[in-house]
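Everything on this sheet refers to the single structure shown next.
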Amino acid sequence: ATENALMAATLAKGTTVLKNAAREPEIVDLADCLRAMGARIEGDGTSEITVEGVAALRGATHPVIADRIELGTYMLAPAIAGGTVELLGARRVQAGALWDRMEEAGLALEETSRGIVVTRPDGRVKPLHVITEPYPGFPTDLQAQLMALLTLAEGESVLEERIFENRFMHAPELQRMGARIDVHGGVAKIRGVPALKGAPVMATDLRASVSLVLAGLAAEGETVVGRIYHLDRGYERLEEKLSACGADIRRLRD
């Protein structure tokens, strides 16, 4: 909604003030692009954005930032499966609250000139208590992926979902793989297990589907994820990217 109003305001007559605006890095990136095209925008990245309308915009060249949720998903992949992965073109500011939670869990993260390096040290990760919140809080769109990691933590973790209702539909599917998860309303308690076991599971939405793929990377044996049409809405060539990092993953054709 903020992005749509922001774009409309660039060509509207007079001054437009957007209150309670979204503050995510994507908003700032869009504002940077619009400014390069001649728009007059101030306050992006805060809850109040002011736009002075202009008569016309001009062409511009603008590099698009990495997708924050895709980045977070690939940061969590080595955290779950083990190893070290470098995410090229990523910056710490885009990782936001996830960076802090991953360090709290005992994972090693480093920002380099080329991107972000994620390493899982030997041993199990530490449990966490995480609450989903609007930006800059922990994003709801990474809750399912983080749950997959916490199924293997040493101790009990708590995930509180405060953005969307009924967003723990991946929990029963993770339980098929041996996870110990209790859901009561908007709170999920996860008691970590030493290992997950491969199983046939069903994707219920976009983020749930990728959480099952991540869990499958670490599970013993074979995991088959059904209804992956959800997955393709948010991840391009997921299996190719994970395979390039050494994952044994392939897409099954009917």
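How things are named: the first chain in the structure tokens is A, the next is B, and so on; residues count from 1 in each chain; ligands count from 1 in the order shown.
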
Any chance you could tabulate, as CSV, the residues of region 152-178 of chain A at most 12 Å from region 212-234 of chain A with each one's nearest atom pair and distance in Å to one decimal, using only C-alpha atoms, in chain and rising number order?
residue,atom,partner,partner_atom,distance
A:Leu152,CA,A:Ala218,CA,9.1
A:Met169,CA,A:Leu212,CA,11.2
A:His170,CA,A:Leu212,CA,7.6
A:Ala171,CA,A:Leu212,CA,9.6
A:Pro172,CA,A:Leu212,CA,10.8
A:Glu173,CA,A:Leu212,CA,7.7
A:Leu174,CA,A:Leu212,CA,6.9
A:Gln175,CA,A:Leu212,CA,10.7
A:Arg176,CA,A:Thr223,CA,10.3
A:Met177,CA,A:Ala219,CA,7.6
A:Gly178,CA,A:Ala219,CA,9.2

Strand (DSSP E) residues, from DSSP on the backbone, in region 31-84 of chain A, as a list in words:
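The strand (DSSP E) residues within region 31-84 of chain A come out as Arg40, Ile41, Glu42, Glu48, Ile49, Thr50, Val51, Glu52, Gly83 and Thr84 of chain A.
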
With only C-alpha atoms as the counted atoms, please give the residues lying no more than 10 Å from Pro139 (chain A), apart from itself and same-chain residues fewer than 3 positions off, as a ChimeraX atom specification.
/A:68-69,72,96-98,131-136,142-143,161,163

Please produce a file of those selected residues containing N, CA and C atoms, as a PDB file, in the first residue's frame.
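Result written to out_38.pdb:
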ATOM      1  N   ARG A  68      14.591  -9.498   0.573  1.00  0.00           N
ATOM      2  CA  ARG A  68      14.931  -9.714   1.977  1.00  0.00           C
ATOM      3  C   ARG A  68      14.556 -11.097   2.467  1.00  0.00           C
ATOM      4  N   ILE A  69      13.393 -11.599   2.055  1.00  0.00           N
ATOM      5  CA  ILE A  69      12.919 -12.890   2.545  1.00  0.00           C
ATOM      6  C   ILE A  69      13.669 -14.032   1.846  1.00  0.00           C
ATOM      7  N   GLY A  72      16.970 -14.142   3.599  1.00  0.00           N
ATOM      8  CA  GLY A  72      16.874 -14.794   4.904  1.00  0.00           C
ATOM      9  C   GLY A  72      16.730 -16.299   4.793  1.00  0.00           C
ATOM     10  N   GLY A  96      18.497  -7.565   8.764  1.00  0.00           N
ATOM     11  CA  GLY A  96      17.742  -7.005   9.879  1.00  0.00           C
ATOM     12  C   GLY A  96      17.730  -7.877  11.119  1.00  0.00           C
ATOM     13  N   ALA A  97      16.522  -8.102  11.657  1.00  0.00           N
ATOM     14  CA  ALA A  97      16.358  -8.822  12.925  1.00  0.00           C
ATOM     15  C   ALA A  97      16.813 -10.268  12.826  1.00  0.00           C
ATOM     16  N   LEU A  98      16.777 -10.857  11.633  1.00  0.00           N
ATOM     17  CA  LEU A  98      17.209 -12.245  11.489  1.00  0.00           C
ATOM     18  C   LEU A  98      18.675 -12.401  11.863  1.00  0.00           C
ATOM     19  N   ILE A 131       9.373 -13.188  18.483  1.00  0.00           N
ATOM     20  CA  ILE A 131       8.032 -12.643  18.241  1.00  0.00           C
ATOM     21  C   ILE A 131       8.038 -11.953  16.883  1.00  0.00           C
ATOM     22  N   THR A 132       7.074 -12.297  16.022  1.00  0.00           N
ATOM     23  CA  THR A 132       6.984 -11.621  14.732  1.00  0.00           C
ATOM     24  C   THR A 132       6.341 -10.247  14.920  1.00  0.00           C
ATOM     25  N   GLU A 133       6.906  -9.255  14.244  1.00  0.00           N
ATOM     26  CA  GLU A 133       6.450  -7.873  14.383  1.00  0.00           C
ATOM     27  C   GLU A 133       6.629  -7.153  13.060  1.00  0.00           C
ATOM     28  N   PRO A 134       5.956  -6.003  12.887  1.00  0.00           N
ATOM     29  CA  PRO A 134       6.230  -5.188  11.700  1.00  0.00           C
ATOM     30  C   PRO A 134       7.695  -4.750  11.691  1.00  0.00           C
ATOM     31  N   TYR A 135       8.207  -4.426  10.508  1.00  0.00           N
ATOM     32  CA  TYR A 135       9.594  -3.971  10.382  1.00  0.00           C
ATOM     33  C   TYR A 135       9.828  -2.777  11.306  1.00  0.00           C
ATOM     34  N   PRO A 136      10.945  -2.724  12.042  1.00  0.00           N
ATOM     35  CA  PRO A 136      12.153  -3.550  11.916  1.00  0.00           C
ATOM     36  C   PRO A 136      12.180  -4.799  12.795  1.00  0.00           C
ATOM     37  N   LEU A 142       9.578 -15.014   7.634  1.00  0.00           N
ATOM     38  CA  LEU A 142      10.717 -15.892   7.938  1.00  0.00           C
ATOM     39  C   LEU A 142      10.421 -16.797   9.137  1.00  0.00           C
ATOM     40  N   GLN A 143       9.204 -16.703   9.650  1.00  0.00           N
ATOM     41  CA  GLN A 143       8.857 -17.486  10.833  1.00  0.00           C
ATOM     42  C   GLN A 143       8.909 -18.986  10.568  1.00  0.00           C
ATOM     43  N   GLU A 161       3.452 -15.675  16.864  1.00  0.00           N
ATOM     44  CA  GLU A 161       3.024 -15.070  15.604  1.00  0.00           C
ATOM     45  C   GLU A 161       1.991 -13.990  15.890  1.00  0.00           C
ATOM     46  N   ILE A 163       1.396 -11.325  13.526  1.00  0.00           N
ATOM     47  CA  ILE A 163       1.052 -10.606  12.289  1.00  0.00           C
ATOM     48  C   ILE A 163      -0.141 -11.261  11.602  1.00  0.00           C
TER      49      ILE A 163
END

DSSP-assigned helix (DSSP H, G or I) among region 5-254 of chain A, expressed as a ChimeraX atom specification
/A:5-10,25-36,68-81,92-95,97-104,140-150,171-176,206-218,231-233,238-244

Using C-alpha atoms, can you write the selected residues to a file as an mmCIF file, in the first residue's frame?
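What landed in again15.cif:
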data_model
loop_
_atom_site.group_PDB
_atom_site.id
_atom_site.type_symbol
_atom_site.label_atom_id
_atom_site.label_comp_id
_atom_site.auth_asym_id
_atom_site.auth_seq_id
_atom_site.Cartn_x
_atom_site.Cartn_y
_atom_site.Cartn_z
ATOM 1 C CA ALA A 5 0.576 5.450 -2.776
ATOM 2 C CA LEU A 6 4.178 6.598 -3.112
ATOM 3 C CA MET A 7 4.225 6.002 -6.869
ATOM 4 C CA ALA A 8 0.862 7.694 -7.345
ATOM 5 C CA ALA A 9 1.931 10.719 -5.304
ATOM 6 C CA THR A 10 5.001 11.387 -7.467
ATOM 7 C CA PRO A 25 14.376 -1.293 2.900
ATOM 8 C CA GLU A 26 12.215 -1.948 -0.192
ATOM 9 C CA ILE A 27 10.423 1.367 0.412
ATOM 10 C CA VAL A 28 13.730 3.237 0.535
ATOM 11 C CA ASP A 29 14.916 1.426 -2.588
ATOM 12 C CA LEU A 30 11.756 2.388 -4.479
ATOM 13 C CA ALA A 31 12.122 6.001 -3.320
ATOM 14 C CA ASP A 32 15.740 6.025 -4.511
ATOM 15 C CA CYS A 33 14.587 4.773 -7.925
ATOM 16 C CA LEU A 34 11.814 7.366 -8.139
ATOM 17 C CA ARG A 35 14.217 10.150 -7.120
ATOM 18 C CA ALA A 36 16.565 9.064 -9.903
ATOM 19 C CA ARG A 68 14.931 -9.714 1.977
ATOM 20 C CA ILE A 69 12.919 -12.890 2.545
ATOM 21 C CA GLU A 70 14.750 -14.871 -0.129
ATOM 22 C CA LEU A 71 18.018 -13.706 1.448
ATOM 23 C CA GLY A 72 16.874 -14.794 4.904
ATOM 24 C CA THR A 73 15.810 -18.180 3.573
ATOM 25 C CA TYR A 74 19.236 -18.831 2.057
ATOM 26 C CA MET A 75 20.934 -17.604 5.240
ATOM 27 C CA LEU A 76 18.978 -20.227 7.186
ATOM 28 C CA ALA A 77 19.819 -23.051 4.757
ATOM 29 C CA PRO A 78 23.428 -23.583 5.980
ATOM 30 C CA ALA A 79 22.258 -22.878 9.529
ATOM 31 C CA ILE A 80 20.014 -25.948 9.247
ATOM 32 C CA ALA A 81 22.060 -28.227 6.998
ATOM 33 C CA ARG A 92 23.595 -6.879 6.775
ATOM 34 C CA VAL A 93 20.990 -4.079 6.795
ATOM 35 C CA GLN A 94 18.768 -6.276 4.615
ATOM 36 C CA ALA A 95 19.011 -9.206 7.042
ATOM 37 C CA ALA A 97 16.358 -8.822 12.925
ATOM 38 C CA LEU A 98 17.209 -12.245 11.489
ATOM 39 C CA TRP A 99 20.937 -11.494 11.789
ATOM 40 C CA ASP A 100 20.588 -10.840 15.535
ATOM 41 C CA ARG A 101 18.485 -13.975 16.127
ATOM 42 C CA MET A 102 20.923 -16.173 14.216
ATOM 43 C CA GLU A 103 23.877 -14.880 16.232
ATOM 44 C CA GLU A 104 21.878 -15.480 19.404
ATOM 45 C CA THR A 140 6.463 -13.091 9.711
ATOM 46 C CA ASP A 141 7.641 -14.308 6.307
ATOM 47 C CA LEU A 142 10.717 -15.892 7.938
ATOM 48 C CA GLN A 143 8.857 -17.486 10.833
ATOM 49 C CA ALA A 144 8.333 -20.867 9.122
ATOM 50 C CA GLN A 145 11.965 -21.095 8.006
ATOM 51 C CA LEU A 146 13.193 -20.239 11.508
ATOM 52 C CA MET A 147 10.895 -22.901 12.964
ATOM 53 C CA ALA A 148 12.586 -25.486 10.748
ATOM 54 C CA LEU A 149 15.926 -24.492 12.294
ATOM 55 C CA LEU A 150 14.601 -24.513 15.855
ATOM 56 C CA ALA A 171 4.000 -27.322 12.116
ATOM 57 C CA PRO A 172 2.042 -30.583 11.546
ATOM 58 C CA GLU A 173 4.137 -31.274 8.460
ATOM 59 C CA LEU A 174 7.372 -30.778 10.414
ATOM 60 C CA GLN A 175 5.962 -33.156 13.032
ATOM 61 C CA ARG A 176 5.769 -35.823 10.322
ATOM 62 C CA LEU A 206 4.732 -20.138 0.136
ATOM 63 C CA ARG A 207 6.848 -19.837 3.278
ATOM 64 C CA ALA A 208 5.630 -23.132 4.713
ATOM 65 C CA SER A 209 6.750 -24.892 1.543
ATOM 66 C CA VAL A 210 10.300 -23.571 1.694
ATOM 67 C CA SER A 211 10.541 -24.367 5.416
ATOM 68 C CA LEU A 212 9.855 -28.012 4.558
ATOM 69 C CA VAL A 213 12.562 -27.935 1.892
ATOM 70 C CA LEU A 214 15.027 -26.527 4.426
ATOM 71 C CA ALA A 215 14.068 -29.171 6.981
ATOM 72 C CA GLY A 216 14.549 -31.817 4.292
ATOM 73 C CA LEU A 217 18.128 -30.643 3.751
ATOM 74 C CA ALA A 218 18.982 -31.697 7.295
ATOM 75 C CA LEU A 231 7.106 -22.398 -3.769
ATOM 76 C CA ASP A 232 7.404 -20.998 -7.270
ATOM 77 C CA ARG A 233 5.544 -17.826 -6.293
ATOM 78 C CA LEU A 238 15.348 -22.866 -5.780
ATOM 79 C CA GLU A 239 16.522 -26.409 -6.467
ATOM 80 C CA GLU A 240 19.254 -25.199 -8.844
ATOM 81 C CA LYS A 241 20.645 -22.742 -6.298
ATOM 82 C CA LEU A 242 20.648 -25.263 -3.457
ATOM 83 C CA SER A 243 22.151 -27.951 -5.709
ATOM 84 C CA ALA A 244 24.985 -25.568 -6.564
#

Quick one: distance from CA of Asp205 (chain A) to CA of Gly45 (chain A) in Å, one decimal?
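Taking CA of Asp205 (chain A) as the start and CA of Gly45 (chain A) as the end point, the length is 29.0 Å.
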
May I ask for the distance between CA of Gly198 (chain A) and CA of Arg250 (chain A), given in Å to one decimal place?
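Separation of CA of Gly198 (chain A) and CA of Arg250 (chain A): 14.7 Å.
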
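Using only C-alpha atoms, the nearest neighbour of Val118 (chain A) within the list A:Thr151, A:Asn166, A:Thr84, A:Thr61 is A:Thr84.
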
In Å and to one decimal, CA of Ile181 (chain A) is distant from CA of His129 (chain A) by 13.9 Å

When distances are computed from only C-alpha atoms, which of A:Ile49, A:Leu109, A:Ala179, A:Ala66 shows the smallest separation from Arg23 (chain A)?
A:Ile49
